[in-house]
Amino acid sequence: MQRHTTLGEFIIENQKDFPYAKGELSALLSSIRLAGKMVNQEINKAGLANILGSSGDENVQGEQQQKLDLLANDMFISTLRNRGEICGLGSEEMEDFVEFNDEIHKESKYVVLIDPLDGSSNIDVNVSVGTIFSIYRRVSEPGTPVQLEDFLQPGNKQVAAGYLVYGTSTMLVYTTGNGVNAFTYDPGIGSFFLSHPKMTVKPQGKIYSINEGNYVHMPEGVKQYIKWCQELDPATNRPLTSRYIGSLVADFHRNLLKGGIYIYPRGTKAPNGKLRLLYECNPMAFLIEQAGGKASDGFTRILDIDPTELHQRVPFFCGSREMVDKAEEFMERFKDE
Ligand code: P6P
């Protein structure tokens with residue numbers, strides 16, 4: 001009986017694509033796989049155990065921290081620490097990055113940036129949430145403590161990026177710069193199996209994904225683009241369909257499979273947008289470009305933005321290439337309004 005390749009087998013088979021990784025990156029991806037399984041188990045039983053709802057604390061963004069946020073954050077930190085492949089980790093849930101600077105870890109070559117549970121406000125209403133991760137080679141000298149500069153690298157320096165989506169099924173989607181591959185978790189066996197090899201995003205789609213409740217706060221270019229999406233023009237397959245889950249990973253994943261655009265623009269309420277560059281926009285931008293799509297802040301390629309702060313926010317336009325091109329046209333045309 002022919003069976004699908006497991007994630008572990010796939011990582012080993014494709015290790016050769018990574019010239020300077022002597023297995024460390026493979027081990028790092030495997031530890032993310034393990035942490036993902038652990039988080040998945042907690043999410044699936046969240047309704048039963050007393051881990052729903054808010055922890056009562058706020059994260060660095062001033063957002064209510066859900067209990068599962070903290071649990072997911074701790075699980076990824078402990079799993080990544082136990083595997084010895086990284087010298088530091090930055091997370092949405094922590095003000096500063098974590099140093100792993102004992103004898104083993106400070107020689108490690110990689111750092112990880114992570115949003116351990118994105119969209120977590122949806123947990124209590126049983127909507128899909130996700131984990132987003134981004135991996136860089138450190139720029140500081142191995143053997144020395146990790147530095148902020150190791151994390152503040154442009155997205156075009158990422159060596160790997162991906163996400164787990166905890167939905168009707170749990171999937172892990174990642175790239176190391178050689179295309180995008182997706183793996184579906186079989187809880188009965190406890191393994192991820194290759195279900196969507198070499199994923200590509202359609203150049204044009206019918207779905208636009210944005211929180212239209214923020215319309216009055218949006219830049220004119222985005223307002224005009226939304227109106228354009230809603231016009232009746234069969235020749236250009238309009239009106240488009242509006243779909244917004246309120247969970248970046250779920251909206252991104254749907255657009256990757258079906259074609260579409262996700263926009264979180266700057267606004268009067270969020271002058272730089274809401275999404276964070278380092279552990280949301282950069283990893284998603286790496287993935288969408290590897291699948292043939294596009295990601296910008298409305299003007300500049302996301303992966304070329306030089307970060308200045310660990311938790312900095314940027315406007316985010318991401319998805320089918322021709323749809324992002326069209327939205328950028330409106331941003332350029334109305335940039336002075
Ligand atoms: P809003 C979740 O908090 C998140 O970071 C993304 O997952 C999601 O797309 C967005 O914010 C939702 O934000 O302001 O539309 O509720």
# chains A, B, ... in the order shown; residues from 1 in each chain; ligands from 1

call {"tool": "residues_near_ligand", "arguments": {"ligand": "ligand 1", "cutoff": "6 Å", "atoms": "only C-alpha atoms and all ligand atoms", "output": "JSON, numbers by chain"}}
result
{"A": [118, 119, 211, 246, 247, 248, 275]}

call {"tool": "residues_around", "arguments": {"residues": "A:Gly53", "least_positions_apart": "4", "cutoff": "7 Å", "atoms": "only C-alpha atoms", "output": "list in words"}}
result
Gln66, Lys67 and Asp124 of chain A

call {"tool": "write_last_selection", "arguments": {"atoms": "N, CA, C and O atoms", "output": "PDB file, in the first residue's frame"}}
result
ATOM      1  N   GLN A  66      -4.645  35.105  26.252  1.00  0.00           N
ATOM      2  CA  GLN A  66      -5.468  33.924  26.494  1.00  0.00           C
ATOM      3  C   GLN A  66      -4.600  32.872  27.187  1.00  0.00           C
ATOM      4  O   GLN A  66      -3.407  32.802  26.929  1.00  0.00           O
ATOM      5  N   LYS A  67      -5.166  32.050  28.017  1.00  0.00           N
ATOM      6  CA  LYS A  67      -4.382  31.027  28.721  1.00  0.00           C
ATOM      7  C   LYS A  67      -3.623  30.149  27.736  1.00  0.00           C
ATOM      8  O   LYS A  67      -2.470  29.806  27.928  1.00  0.00           O
ATOM      9  N   ASP A 124     -12.068  30.703  22.099  1.00  0.00           N
ATOM     10  CA  ASP A 124     -13.285  30.425  22.888  1.00  0.00           C
ATOM     11  C   ASP A 124     -14.503  30.219  22.015  1.00  0.00           C
ATOM     12  O   ASP A 124     -15.528  29.721  22.477  1.00  0.00           O
TER      13      ASP A 124
END

call {"tool": "residues_around", "arguments": {"residues": "A:Ala270", "least_positions_apart": "6", "cutoff": "10 Å", "atoms": "only C-alpha atoms", "output": "list in words"}}
result
Asn214, His217, Met218, Tyr264, Arg313, Val314 and Pro315 of chain A

call {"tool": "closest_residue", "arguments": {"among": "A:Tyr244, A:Tyr262, A:Phe151, A:Tyr208", "to": "A:Pro307", "atoms": "only C-alpha atoms"}}
result
A:Phe151

call {"tool": "residues_around", "arguments": {"residues": "stretch 95-101 of chain A", "least_positions_apart": "2", "cutoff": "8 Å", "atoms": "only C-alpha atoms", "output": "list in words"}}
result
Asn59, Val60, Arg81, Ile86, Cys87, Gly88, Leu89, Gly90, Ser91, Glu92, Glu93, Glu103, Ile104, His105, Lys106, Thr144, Pro145, Val146, Leu148 and Leu310 of chain A

call {"tool": "write_last_selection", "arguments": {"atoms": "all heavy atoms", "output": "short mmCIF file (atom, residue, chain, number, x, y, z; two decimals), in the first residue's frame"}}
result
data_model
loop_
_atom_site.label_atom_id
_atom_site.label_comp_id
_atom_site.auth_asym_id
_atom_site.auth_seq_id
_atom_site.Cartn_x
_atom_site.Cartn_y
_atom_site.Cartn_z
N ASN A 59 -0.40 40.93 26.92
CA ASN A 59 0.93 40.71 26.31
C ASN A 59 1.54 42.07 25.97
O ASN A 59 0.96 43.12 26.25
CB ASN A 59 0.84 39.79 25.10
CG ASN A 59 0.03 40.42 23.96
OD1 ASN A 59 -0.22 41.63 23.97
ND2 ASN A 59 -0.39 39.60 23.03
N VAL A 60 2.71 42.03 25.35
CA VAL A 60 3.44 43.27 25.08
C VAL A 60 2.62 44.21 24.19
O VAL A 60 2.88 45.39 24.10
CB VAL A 60 4.80 42.98 24.40
CG1 VAL A 60 5.72 42.30 25.36
CG2 VAL A 60 4.62 42.19 23.13
N ARG A 81 14.24 24.69 23.43
CA ARG A 81 15.41 24.71 24.33
C ARG A 81 15.97 23.29 24.49
O ARG A 81 17.17 23.07 24.48
CB ARG A 81 15.00 25.26 25.71
CG ARG A 81 16.18 25.51 26.66
CD ARG A 81 15.72 25.64 28.11
NE ARG A 81 14.76 26.73 28.29
CZ ARG A 81 15.11 28.00 28.53
NH1 ARG A 81 16.39 28.32 28.59
NH2 ARG A 81 14.22 28.95 28.70
N ILE A 86 18.92 26.23 18.79
CA ILE A 86 18.84 27.69 18.64
C ILE A 86 19.52 28.38 19.82
O ILE A 86 19.59 27.85 20.92
CB ILE A 86 17.38 28.17 18.50
CG1 ILE A 86 16.56 27.89 19.75
CG2 ILE A 86 16.75 27.57 17.27
CD1 ILE A 86 15.16 28.52 19.69
N CYS A 87 19.98 29.60 19.57
CA CYS A 87 20.64 30.36 20.65
C CYS A 87 19.73 31.44 21.22
O CYS A 87 20.07 32.13 22.17
CB CYS A 87 21.94 30.98 20.14
SG CYS A 87 21.72 32.03 18.68
N GLY A 88 18.52 31.57 20.61
CA GLY A 88 17.60 32.58 21.14
C GLY A 88 16.27 32.52 20.45
O GLY A 88 16.13 31.95 19.36
N LEU A 89 15.25 33.10 21.08
CA LEU A 89 13.88 33.07 20.56
C LEU A 89 13.17 34.38 20.88
O LEU A 89 13.29 34.90 22.00
CB LEU A 89 13.12 31.90 21.20
CG LEU A 89 11.67 31.71 20.79
CD1 LEU A 89 11.35 30.22 20.62
CD2 LEU A 89 10.70 32.31 21.81
N GLY A 90 12.46 34.91 19.89
CA GLY A 90 11.61 36.09 20.11
C GLY A 90 10.17 35.68 19.92
O GLY A 90 9.87 34.88 19.02
N SER A 91 9.28 36.19 20.75
CA SER A 91 7.88 35.78 20.71
C SER A 91 6.94 36.95 20.90
O SER A 91 7.25 37.90 21.64
CB SER A 91 7.60 34.75 21.84
OG SER A 91 6.20 34.54 22.00
N GLU A 92 5.77 36.86 20.27
CA GLU A 92 4.76 37.91 20.45
C GLU A 92 4.40 38.04 21.92
O GLU A 92 4.04 39.10 22.39
CB GLU A 92 3.49 37.56 19.66
CG GLU A 92 2.40 38.63 19.83
CD GLU A 92 1.04 38.17 19.39
OE1 GLU A 92 0.68 37.02 19.63
OE2 GLU A 92 0.37 38.99 18.76
N GLU A 93 4.52 36.94 22.66
CA GLU A 93 4.04 36.94 24.06
C GLU A 93 5.07 37.45 25.05
O GLU A 93 4.79 37.49 26.25
CB GLU A 93 3.62 35.51 24.45
CG GLU A 93 2.54 34.91 23.57
CD GLU A 93 1.29 35.78 23.48
OE1 GLU A 93 1.02 36.51 24.46
OE2 GLU A 93 0.62 35.77 22.45
N GLU A 103 26.27 26.38 27.62
CA GLU A 103 27.38 25.93 26.75
C GLU A 103 26.88 25.36 25.42
O GLU A 103 27.47 25.59 24.37
CB GLU A 103 28.23 24.88 27.49
CG GLU A 103 29.13 25.51 28.58
CD GLU A 103 29.83 26.76 28.06
OE1 GLU A 103 30.56 26.67 27.03
OE2 GLU A 103 29.63 27.86 28.64
N ILE A 104 25.79 24.58 25.47
CA ILE A 104 25.32 23.93 24.23
C ILE A 104 24.72 24.96 23.29
O ILE A 104 25.12 25.11 22.14
CB ILE A 104 24.22 22.87 24.55
CG1 ILE A 104 24.79 21.78 25.44
CG2 ILE A 104 23.66 22.28 23.25
CD1 ILE A 104 23.72 20.78 25.91
N HIS A 105 23.79 25.76 23.82
CA HIS A 105 22.99 26.62 22.95
C HIS A 105 23.77 27.80 22.39
O HIS A 105 23.52 28.26 21.28
CB HIS A 105 21.76 27.14 23.71
CG HIS A 105 20.77 26.09 24.01
ND1 HIS A 105 20.75 25.40 25.22
CD2 HIS A 105 19.77 25.56 23.27
CE1 HIS A 105 19.77 24.52 25.20
NE2 HIS A 105 19.16 24.58 24.04
N LYS A 106 24.74 28.31 23.14
CA LYS A 106 25.35 29.55 22.64
C LYS A 106 26.23 29.29 21.41
O LYS A 106 26.56 30.21 20.68
CB LYS A 106 26.10 30.28 23.74
CG LYS A 106 27.36 29.67 24.26
CD LYS A 106 27.89 30.57 25.40
CE LYS A 106 29.23 30.07 25.91
NZ LYS A 106 29.70 30.92 27.04
N THR A 144 29.00 33.36 21.54
CA THR A 144 28.71 34.58 22.32
C THR A 144 27.20 34.64 22.55
O THR A 144 26.43 33.99 21.83
CB THR A 144 29.15 35.84 21.53
OG1 THR A 144 28.35 35.94 20.33
CG2 THR A 144 30.62 35.74 21.15
N PRO A 145 26.75 35.41 23.53
CA PRO A 145 25.30 35.52 23.76
C PRO A 145 24.60 36.11 22.54
O PRO A 145 25.12 36.98 21.86
CB PRO A 145 25.20 36.47 24.96
CG PRO A 145 26.52 36.36 25.64
CD PRO A 145 27.53 36.13 24.55
N VAL A 146 23.40 35.60 22.27
CA VAL A 146 22.60 36.10 21.15
C VAL A 146 22.33 37.59 21.35
O VAL A 146 22.22 38.07 22.49
CB VAL A 146 21.30 35.27 21.04
CG1 VAL A 146 20.35 35.55 22.21
CG2 VAL A 146 20.60 35.52 19.72
N LEU A 148 20.23 41.34 19.87
CA LEU A 148 19.01 41.82 19.20
C LEU A 148 19.21 41.83 17.69
O LEU A 148 18.28 41.51 16.93
CB LEU A 148 18.66 43.23 19.72
CG LEU A 148 17.40 43.88 19.15
CD1 LEU A 148 16.16 43.02 19.43
CD2 LEU A 148 17.21 45.29 19.72
N LEU A 310 11.65 44.75 17.78
CA LEU A 310 11.23 43.35 17.83
C LEU A 310 9.74 43.19 17.53
O LEU A 310 9.34 42.24 16.87
CB LEU A 310 11.53 42.80 19.25
CG LEU A 310 11.61 41.29 19.44
CD1 LEU A 310 12.65 40.66 18.54
CD2 LEU A 310 11.92 40.96 20.92
#

call {"tool": "residues_around", "arguments": {"residues": "A:Glu231", "least_positions_apart": "6", "cutoff": "9 Å", "atoms": "only C-alpha atoms", "output": "tab-separated table (two decimals) with N, CA, C and O atoms, in the first residue's frame"}}
result
chain	number	residue	atom	x	y	z
A	238	ARG	N	-15.94	40.30	-11.29
A	238	ARG	CA	-16.38	41.02	-10.08
A	238	ARG	C	-17.89	41.09	-10.05
A	238	ARG	O	-18.53	40.99	-11.10
A	239	PRO	N	-18.53	41.24	-8.84
A	239	PRO	CA	-17.88	41.52	-7.55
A	239	PRO	C	-17.15	40.29	-7.01
A	239	PRO	O	-17.53	39.15	-7.30
A	240	LEU	N	-16.11	40.57	-6.22
A	240	LEU	CA	-15.38	39.50	-5.54
A	240	LEU	C	-16.17	39.09	-4.30
A	240	LEU	O	-17.15	39.72	-3.92

call {"tool": "closest_atom_pairs", "arguments": {"of": "stretch 126-196 of chain A", "to": "stretch 22-28 of chain A", "cutoff": "10 Å", "atoms": "only C-alpha atoms", "output": "Markdown table"}}
result
| residue | atom | partner | partner_atom | distance |
| --- | --- | --- | --- | --- |
| A:Ile135 | CA | A:Leu25 | CA | 9.0 |
| A:Arg137 | CA | A:Leu25 | CA | 9.7 |
| A:Val159 | CA | A:Leu25 | CA | 8.8 |
| A:Ala160 | CA | A:Leu25 | CA | 8.6 |
| A:Thr176 | CA | A:Leu25 | CA | 9.4 |

call {"tool": "write_last_selection", "arguments": {"atoms": "N, CA, C and O atoms", "output": "mmCIF file, in the first residue's frame"}}
result
data_model
loop_
_atom_site.group_PDB
_atom_site.id
_atom_site.type_symbol
_atom_site.label_atom_id
_atom_site.label_comp_id
_atom_site.auth_asym_id
_atom_site.auth_seq_id
_atom_site.Cartn_x
_atom_site.Cartn_y
_atom_site.Cartn_z
ATOM 1 N N ILE A 135 12.657 31.486 10.899
ATOM 2 C CA ILE A 135 13.975 31.012 11.340
ATOM 3 C C ILE A 135 15.081 31.751 10.581
ATOM 4 O O ILE A 135 15.019 31.877 9.348
ATOM 5 N N ARG A 137 19.579 32.388 10.453
ATOM 6 C CA ARG A 137 20.922 32.106 10.967
ATOM 7 C C ARG A 137 21.348 33.330 11.759
ATOM 8 O O ARG A 137 21.092 34.457 11.334
ATOM 9 N N VAL A 159 15.845 31.655 6.675
ATOM 10 C CA VAL A 159 16.268 30.358 6.117
ATOM 11 C C VAL A 159 15.095 29.378 6.074
ATOM 12 O O VAL A 159 15.105 28.410 5.321
ATOM 13 N N ALA A 160 14.068 29.658 6.870
ATOM 14 C CA ALA A 160 12.860 28.824 6.846
ATOM 15 C C ALA A 160 11.730 29.614 7.505
ATOM 16 O O ALA A 160 11.971 30.523 8.314
ATOM 17 N N THR A 176 11.724 26.212 3.011
ATOM 18 C CA THR A 176 13.121 26.538 3.320
ATOM 19 C C THR A 176 13.727 27.251 2.106
ATOM 20 O O THR A 176 14.924 27.248 1.901
#

call {"tool": "residues_around", "arguments": {"residues": "A:Arg138", "least_positions_apart": "6", "cutoff": "7 Å", "atoms": "only C-alpha atoms", "output": "list of chain:residue names"}}
result
A:Lys109, A:Tyr110, A:Val111, A:Asp150

call {"tool": "closest_atom_pairs", "arguments": {"of": "stretch 98-155 of chain A", "to": "stretch 282-286 of chain A", "cutoff": "8 Å", "atoms": "only C-alpha atoms", "output": "Markdown table"}}
result
| residue | atom | partner | partner_atom | distance |
| --- | --- | --- | --- | --- |
| A:Ile132 | CA | A:Pro283 | CA | 7.2 |
| A:Phe133 | CA | A:Pro283 | CA | 6.5 |
| A:Ser134 | CA | A:Pro283 | CA | 5.4 |
| A:Gly155 | CA | A:Asn282 | CA | 5.1 |

call {"tool": "select_by_dssp", "arguments": {"residues": "stretch 23-243 of chain A", "states": "strand (DSSP E or B)", "output": "number ranges by chain"}}
result
A: 54-58, 64-66, 86-91, 98-99, 110-118, 129-137, 160-166, 170-175, 180-186, 191-199, 207-209, 233, 238, 241-242

call {"tool": "write_last_selection", "arguments": {"atoms": "C-alpha atoms", "output": "PDB file, in the first residue's frame"}}
result
ATOM      1  CA  SER A  54      -8.105  35.006  29.326  1.00  0.00           C
ATOM      2  CA  SER A  55      -5.212  34.618  31.733  1.00  0.00           C
ATOM      3  CA  GLY A  56      -6.051  38.031  33.101  1.00  0.00           C
ATOM      4  CA  ASP A  57      -2.676  39.333  31.888  1.00  0.00           C
ATOM      5  CA  GLU A  58      -1.849  41.428  28.838  1.00  0.00           C
ATOM      6  CA  GLN A  64      -5.635  40.203  26.585  1.00  0.00           C
ATOM      7  CA  GLN A  65      -3.432  37.093  26.887  1.00  0.00           C
ATOM      8  CA  GLN A  66      -5.468  33.924  26.494  1.00  0.00           C
ATOM      9  CA  ILE A  86      18.843  27.693  18.637  1.00  0.00           C
ATOM     10  CA  CYS A  87      20.645  30.363  20.650  1.00  0.00           C
ATOM     11  CA  GLY A  88      17.604  32.584  21.142  1.00  0.00           C
ATOM     12  CA  LEU A  89      13.878  33.072  20.559  1.00  0.00           C
ATOM     13  CA  GLY A  90      11.610  36.090  20.112  1.00  0.00           C
ATOM     14  CA  SER A  91       7.880  35.776  20.711  1.00  0.00           C
ATOM     15  CA  VAL A  98      14.949  34.784  25.294  1.00  0.00           C
ATOM     16  CA  GLU A  99      18.669  33.918  25.375  1.00  0.00           C
ATOM     17  CA  TYR A 110      19.853  29.714  14.503  1.00  0.00           C
ATOM     18  CA  VAL A 111      17.303  32.010  16.097  1.00  0.00           C
ATOM     19  CA  VAL A 112      13.520  31.612  15.945  1.00  0.00           C
ATOM     20  CA  LEU A 113      10.767  34.238  15.971  1.00  0.00           C
ATOM     21  CA  ILE A 114       7.302  32.999  16.767  1.00  0.00           C
ATOM     22  CA  ASP A 115       3.690  33.929  17.220  1.00  0.00           C
ATOM     23  CA  PRO A 116       2.818  30.900  19.337  1.00  0.00           C
ATOM     24  CA  LEU A 117      -0.934  31.185  18.987  1.00  0.00           C
ATOM     25  CA  ASP A 118      -2.128  33.691  16.413  1.00  0.00           C
ATOM     26  CA  VAL A 129      -6.044  29.481  15.172  1.00  0.00           C
ATOM     27  CA  GLY A 130      -2.399  29.001  14.292  1.00  0.00           C
ATOM     28  CA  THR A 131       1.281  29.146  15.162  1.00  0.00           C
ATOM     29  CA  ILE A 132       3.610  31.162  12.914  1.00  0.00           C
ATOM     30  CA  PHE A 133       7.402  30.718  12.930  1.00  0.00           C
ATOM     31  CA  SER A 134      10.400  32.325  11.245  1.00  0.00           C
ATOM     32  CA  ILE A 135      13.975  31.012  11.340  1.00  0.00           C
ATOM     33  CA  TYR A 136      17.227  32.940  10.746  1.00  0.00           C
ATOM     34  CA  ARG A 137      20.922  32.106  10.967  1.00  0.00           C
ATOM     35  CA  ALA A 160      12.860  28.824   6.846  1.00  0.00           C
ATOM     36  CA  ALA A 161       9.328  29.903   7.767  1.00  0.00           C
ATOM     37  CA  GLY A 162       5.967  28.315   8.224  1.00  0.00           C
ATOM     38  CA  TYR A 163       2.816  27.933  10.222  1.00  0.00           C
ATOM     39  CA  LEU A 164       0.634  25.358  11.896  1.00  0.00           C
ATOM     40  CA  VAL A 165      -3.106  25.814  11.420  1.00  0.00           C
ATOM     41  CA  TYR A 166      -5.247  24.159  14.099  1.00  0.00           C
ATOM     42  CA  THR A 170      -4.184  20.358  11.855  1.00  0.00           C
ATOM     43  CA  MET A 171      -1.628  21.168   9.172  1.00  0.00           C
ATOM     44  CA  LEU A 172       1.978  22.282   9.103  1.00  0.00           C
ATOM     45  CA  VAL A 173       2.982  24.396   6.076  1.00  0.00           C
ATOM     46  CA  TYR A 174       6.593  25.478   5.613  1.00  0.00           C
ATOM     47  CA  THR A 175       9.327  26.549   3.223  1.00  0.00           C
ATOM     48  CA  VAL A 180       5.991  25.371  -0.107  1.00  0.00           C
ATOM     49  CA  ASN A 181       4.877  21.991   1.189  1.00  0.00           C
ATOM     50  CA  ALA A 182       1.987  21.185   3.524  1.00  0.00           C
ATOM     51  CA  PHE A 183       1.548  18.275   5.888  1.00  0.00           C
ATOM     52  CA  THR A 184      -1.671  17.078   7.487  1.00  0.00           C
ATOM     53  CA  TYR A 185      -1.645  15.622  10.992  1.00  0.00           C
ATOM     54  CA  ASP A 186      -3.098  12.143  11.555  1.00  0.00           C
ATOM     55  CA  SER A 191       2.397  11.916  12.455  1.00  0.00           C
ATOM     56  CA  PHE A 192       2.200  14.673   9.854  1.00  0.00           C
ATOM     57  CA  PHE A 193       1.885  13.354   6.279  1.00  0.00           C
ATOM     58  CA  LEU A 194       2.699  15.233   3.055  1.00  0.00           C
ATOM     59  CA  SER A 195      -0.752  16.153   1.710  1.00  0.00           C
ATOM     60  CA  HIS A 196      -0.068  19.255  -0.435  1.00  0.00           C
ATOM     61  CA  PRO A 197       3.315  19.053  -2.185  1.00  0.00           C
ATOM     62  CA  LYS A 198       4.758  22.078  -4.035  1.00  0.00           C
ATOM     63  CA  MET A 199       1.871  24.461  -3.269  1.00  0.00           C
ATOM     64  CA  ILE A 207     -11.662  36.453  -2.431  1.00  0.00           C
ATOM     65  CA  TYR A 208     -10.669  39.622  -0.607  1.00  0.00           C
ATOM     66  CA  SER A 209     -10.088  39.379   3.120  1.00  0.00           C
ATOM     67  CA  ASP A 233     -18.083  43.737 -13.891  1.00  0.00           C
ATOM     68  CA  ARG A 238     -16.377  41.022 -10.083  1.00  0.00           C
ATOM     69  CA  THR A 241     -16.303  37.550  -2.434  1.00  0.00           C
ATOM     70  CA  SER A 242     -15.522  38.950   1.021  1.00  0.00           C
TER      71      SER A 242
END

call {"tool": "atom_distance", "arguments": {"atom1": "atom CA of A:Ile12", "atom2": "atom CA of A:Glu289"}}
result
23.7 Å

call {"tool": "atom_distance", "arguments": {"atom1": "atom CA of A:Gln61", "atom2": "atom CA of A:His311"}}
result
8.2 Å
